[in-house]
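Encoded as structure tokens, the structure appears first; notes follow it.
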Amino acid sequence: MSHGRPGTRGPYVRPMRGWWRRDPFFVRYMVREATALAVLVYAIVLTVGVVRLAQGEAAFDGWLRALRSPASLLLHAVLLLSMVVHAHSWFEIMPKTMPIIFVGGRRLAARTIQRAGWAATVAVTVVVFALALWARG
Amino acid sequence: MPEAVKSVELEVLRYRPEQEDAPVWQRYRVPYSHDMSVLQALQHVKDELDGSLSFRWSCRMAICGSCGMMINGKPALSCETFVRDLLPGPVRIEALAHLPIERDLIVSVDGFVKKLEGIKPYLIPKEPRTLAQGEYLQTPEQLERIESFSSCINCMLCYAACPQFGLNPDFIGPGVLALLHRYNDDSRDGGRAQRMEVLNAEEGVWSCTAVGYCSEVCPKHVDPANAVNQNKVNSAKDYFLRFLQPKGATR
């Protein structure tokens with residue numbers, strides 16, 4: 001692209017097409033953004049479950065059967081993997097998204113914030129599994 | 001016995017507006033030594049091989065911020081990037097990404113300077129103060145809040161690292177927003193309200209999607225991504241505060 005007076009060329013603006021393939025850092029960023037869709041898909045699956053529950057026992061049992069189908073198991077394996085990747089990439093950027101935190105007059109290290117994120121993830125996962133096991137009796 | 005002279009190939013993206021419509025790659029072979037920076041390699045080209053090659057430089061010690069360029073696809077200061085780390089080559093050198101090329105490795109800085117002026121990058125005192133009142137005092141914590149952001153040398157590597165700026169050149173961008181934060185968050189400053197308008201605009205912090213590469217490439221560890229994203233919170237607070245304050249929080 002060039003502009004300016006006829007016979008002269010102005011500054012050259014390079015095209016942005018395919019920008020995200022130019023650096024591995026951008027590819028990782030796009031993976032973080034893309035795996036956010038897995039979170040959305042999973043939210044939709046759960047919402048459908050709530051709707052089916054409201055429709056009665058038969059409808060809910062049908063939803064449970066659908067969840068156990070091979071296609072659903074494959075989908076959930078992909079969703080789980082995507083969620084783990086998304087969590088990792090999100091915790092990586094998390095310290096940059098937060099105000100500076102001072103503890104005892106010292107700035108809290110980025111690594112500490114990332115570890116806190118993972119600790120919370122593990123804690124919530126354990127609680128959910130414990131509740132699920134308890135509910136099954 | 002003297003060591004045989006080793007050489008490395010440079011591939012430089014050239015743009016001479018009077019000569020070509022679009023940039024072209026040109027190769028040069030230059031001798032190098034262990035302590036040679038990419039800037040010195042380019043200076044060798046200019047002095048010995050091709051005087052028409054244009055690039056900016058000044059201090060040669062990573063403080064003036066003039067010699068930023070894409071080196072093997074990454075934004076870097078050419079004075080602190082060493083040829084020995086890029087062997088066996090070729091070393092690909094291009095003008096800073098996302099910025100218009102004026103000539104060869106020289107980019108247009110007009111937009112950046114205009115944005116920089118727009119944020120009033122200086123301390124605006126809360127109230128007039130006489131010399132007799134003495135100096136402003138800051139606690140170590142107050143200093144730490146702004147210290148890293150005040151290290152910016154305006155080299156624009158973060159702009160070359162920011163795809164959102166590349167896609168939308170109106171985005172104020174990481175470096176200028178980091179400086180905006182540096183003044184807004186300074187305990188001595190009273191100019192916050194004057195800067196919030198820039199910050200709150202769509203071209204302000206809200207054009208950032210937290211790619212985070214700006215902070216990776218910054219040669220001064222300014223962490224612009226943190227400055228920008230802290231201010232998404234501040235901008236949201238400012239937005240909701242206007243419902244509580246009759247005249248709004250920005251004015």
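Here, A, B, ... name the chains of the structure tokens in the order displayed, residue numbers run from 1 inside each chain, and ligands are numbered from 1 in the same displayed order.
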Please return, as JSON, numbers by chain, all residues of region 12-114 of chain B that DSSP assigns to strand (DSSP E or B) on the basis of the backbone. {"B": [12, 13, 14, 24, 25, 26, 27, 28, 29, 30, 31, 32, 37, 68, 69, 70, 71, 74, 75, 76, 77, 82, 91, 92, 93, 94, 101, 102, 103, 106, 107]}
Can you list, as a compact mmCIF listing (two decimals) with N, CA and C atoms, in the first residue's frame, every protein, DNA or RNA residue that comes within 12 Å of Arg9 (chain A) when you count only C-alpha atoms, leaving out same-chain residues fewer than 6 positions away?
```txt
# COMPACT_ATOMS: atom_id res chain seq x y z
N MET A 1 0.85 -1.19 0.00
CA MET A 1 0.00 0.00 0.00
C MET A 1 0.89 1.24 0.00
N SER A 2 0.61 2.16 -0.86
CA SER A 2 1.36 3.41 -0.83
C SER A 2 0.39 4.57 -0.99
N HIS A 3 0.78 5.69 -0.47
CA HIS A 3 -0.07 6.86 -0.61
C HIS A 3 0.81 8.08 -0.71
N TYR B 15 13.33 -0.21 2.03
CA TYR B 15 12.24 0.53 1.36
C TYR B 15 12.75 1.92 1.06
N ARG B 16 12.91 2.19 -0.24
CA ARG B 16 13.32 3.52 -0.66
C ARG B 16 12.16 4.06 -1.48
N PRO B 17 11.37 4.97 -0.87
CA PRO B 17 10.11 5.39 -1.49
C PRO B 17 10.30 5.96 -2.90
N GLU B 18 11.49 6.53 -3.17
CA GLU B 18 11.69 7.11 -4.51
C GLU B 18 12.00 6.02 -5.54
N GLN B 19 12.21 4.80 -5.05
CA GLN B 19 12.73 3.74 -5.92
C GLN B 19 11.79 2.55 -6.07
N GLU B 20 11.09 2.18 -4.98
CA GLU B 20 10.27 0.97 -5.05
C GLU B 20 8.91 1.18 -4.38
N ASP B 21 7.92 0.44 -4.93
CA ASP B 21 6.55 0.54 -4.41
C ASP B 21 6.40 -0.18 -3.07
N ALA B 22 7.11 -1.29 -2.94
CA ALA B 22 6.99 -2.11 -1.73
C ALA B 22 8.39 -2.52 -1.28
N PRO B 23 8.56 -2.78 0.03
CA PRO B 23 9.88 -3.14 0.54
C PRO B 23 10.44 -4.41 -0.12
N ILE B 101 6.63 2.31 7.47
CA ILE B 101 8.05 2.45 7.17
C ILE B 101 8.27 3.74 6.37
N GLU B 102 9.11 4.62 6.93
CA GLU B 102 9.47 5.84 6.20
C GLU B 102 10.52 5.50 5.15
N ARG B 103 11.57 4.79 5.62
CA ARG B 103 12.67 4.40 4.74
C ARG B 103 13.45 3.28 5.45
```
Residues of chain A within 12 Å of chain B, using only C-alpha atoms, as a VMD selection string? chain A and resid 1 to 33 89 to 90 92 to 108 110
Residues within 12 Å of region 40-51 of chain A, please, as JSON, numbers by chain. Count only C-alpha atoms; anything in the same chain fewer than 5 positions from it doesn't count. {"A": [33, 34, 35, 56, 57, 59, 60, 61, 62, 63, 64, 65, 66, 67, 72, 75, 76, 77, 78, 79, 80, 82, 83, 86]}
Would you write out those residues with N, CA and C atoms, as a short mmCIF file (atom, residue, chain, number, x, y, z; two decimals), in the first residue's frame?
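Output contents, as saved in again-v5.cif:
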```cif
data_model
loop_
_atom_site.label_atom_id
_atom_site.label_comp_id
_atom_site.auth_asym_id
_atom_site.auth_seq_id
_atom_site.Cartn_x
_atom_site.Cartn_y
_atom_site.Cartn_z
N GLU A 33 -7.47 -17.85 23.49
CA GLU A 33 -8.77 -17.30 23.08
C GLU A 33 -9.69 -18.40 22.56
N ALA A 34 -9.12 -19.33 21.77
CA ALA A 34 -9.94 -20.38 21.16
C ALA A 34 -10.48 -21.35 22.21
N THR A 35 -9.64 -21.69 23.22
CA THR A 35 -10.08 -22.64 24.23
C THR A 35 -11.16 -22.04 25.14
N GLY A 56 -38.88 -32.54 33.45
CA GLY A 56 -39.34 -33.78 34.08
C GLY A 56 -38.30 -34.88 34.05
N GLU A 57 -38.64 -35.98 34.74
CA GLU A 57 -37.68 -37.06 34.96
C GLU A 57 -37.24 -37.73 33.66
N ALA A 59 -37.20 -36.56 30.59
CA ALA A 59 -36.34 -35.66 29.81
C ALA A 59 -34.93 -35.65 30.38
N PHE A 60 -34.84 -35.56 31.73
CA PHE A 60 -33.53 -35.51 32.38
C PHE A 60 -32.76 -36.81 32.18
N ASP A 61 -33.48 -37.96 32.28
CA ASP A 61 -32.83 -39.25 32.05
C ASP A 61 -32.30 -39.34 30.62
N GLY A 62 -33.06 -38.78 29.67
CA GLY A 62 -32.61 -38.76 28.27
C GLY A 62 -31.32 -37.98 28.12
N TRP A 63 -31.23 -36.83 28.85
CA TRP A 63 -30.01 -35.99 28.81
C TRP A 63 -28.83 -36.78 29.40
N LEU A 64 -29.10 -37.50 30.53
CA LEU A 64 -28.03 -38.30 31.16
C LEU A 64 -27.54 -39.39 30.20
N ARG A 65 -28.50 -40.06 29.50
CA ARG A 65 -28.12 -41.10 28.53
C ARG A 65 -27.27 -40.50 27.41
N ALA A 66 -27.68 -39.32 26.94
CA ALA A 66 -26.92 -38.65 25.86
C ALA A 66 -25.48 -38.35 26.31
N LEU A 67 -25.34 -37.99 27.60
CA LEU A 67 -24.00 -37.69 28.12
C LEU A 67 -23.09 -38.92 28.08
N SER A 72 -20.42 -38.08 23.11
CA SER A 72 -20.39 -37.14 24.23
C SER A 72 -19.11 -37.31 25.05
N LEU A 75 -16.36 -35.69 23.18
CA LEU A 75 -16.50 -34.23 23.29
C LEU A 75 -16.00 -33.75 24.66
N HIS A 76 -16.39 -34.50 25.72
CA HIS A 76 -15.98 -34.08 27.07
C HIS A 76 -14.49 -34.22 27.29
N ALA A 77 -13.88 -35.23 26.65
CA ALA A 77 -12.42 -35.36 26.75
C ALA A 77 -11.76 -34.14 26.11
N VAL A 78 -12.26 -33.73 24.94
CA VAL A 78 -11.72 -32.56 24.25
C VAL A 78 -11.95 -31.30 25.10
N LEU A 79 -13.16 -31.18 25.67
CA LEU A 79 -13.49 -30.00 26.49
C LEU A 79 -12.61 -29.93 27.73
N LEU A 80 -12.38 -31.10 28.36
CA LEU A 80 -11.55 -31.12 29.57
C LEU A 80 -10.14 -30.66 29.25
N SER A 82 -9.17 -28.84 26.74
CA SER A 82 -9.21 -27.41 26.39
C SER A 82 -9.29 -26.54 27.65
N MET A 83 -10.09 -27.01 28.62
CA MET A 83 -10.24 -26.23 29.87
C MET A 83 -8.91 -26.16 30.62
N HIS A 86 -6.74 -23.81 28.78
CA HIS A 86 -7.24 -22.44 28.99
C HIS A 86 -6.87 -21.93 30.38
#
```
For a test of reading the model, state the distance in Å between CA of Asn72 (chain B) and CA of Arg92 (chain B), rounded to one decimal.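 Between these atoms lies a distance of 4.8 Å.
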Contacts of Glu94 (chain B) within 7 Å, only C-alpha atoms, excl. fewer than 3 positions in-chain, as a count of residues only: 6
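The shortest atom-to-atom distance to Gln40 (chain B), with only C-alpha atoms taken into account, belongs to B:Trp57 out of B:Tyr28, B:Trp206, B:Trp57, B:Phe240.
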For a quick check of understanding, using only C-alpha atoms, which of B:Ser78, B:Ser52, B:Ser37, B:Ser148 has the smallest distance to Gly65 (chain B)? B:Ser78
Nearby residues (only C-alpha atoms) at most 9 Å from region 117-126 of chain A, same-chain spacing under 3 positions excluded, as a list in words: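 Skipping anything fewer than 3 positions along the chain leaves Ala87, His88, Phe91, Met94, Thr112, Ile113, Gln114, Phe129, Ala130 and Leu131 of chain A.
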DSSP alpha helix (DSSP H) selection over region 7-84 of chain B, as a compact mmCIF listing (two decimals) with C-alpha atoms, in the first residue's frame:
```
# COMPACT_ATOMS: atom_id res chain seq x y z
CA VAL B 38 23.44 -6.07 15.34
CA LEU B 39 23.65 -2.26 15.32
CA GLN B 40 27.41 -2.48 14.72
CA ALA B 41 26.80 -4.96 11.91
CA LEU B 42 24.44 -2.44 10.28
CA GLN B 43 26.99 0.33 10.82
CA HIS B 44 29.55 -1.84 9.04
```
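Closest approach to Lys115 (chain B) among B:Cys218, B:Cys208, B:Ile172, B:Val30: B:Ile172, based on only C-alpha atoms.
Atom pair CA of Val109 (chain B) / CA of Asn154 (chain B) has a distance of 10.1 Å (rounded to one decimal).
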Need the shell around Lys126 (chain B): protein/DNA/RNA residues with any atom at most 10 Å away, counting only C-alpha atoms. Skip same-chain ones fewer than 2 positions apart. Format as a list in words?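 Non-adjacent residues within range: Leu123, Ile124, Pro128, Arg129, Ser187, Arg188, Asp189, Gly190, Gly191 and Arg192 of chain B.
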Work out how far apart CA of Leu87 (chain B) and CA of Met156 (chain B) are and give it in Å to one decimal.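 Computed distance, CA of Leu87 (chain B) to CA of Met156 (chain B), equals 25.9 Å.
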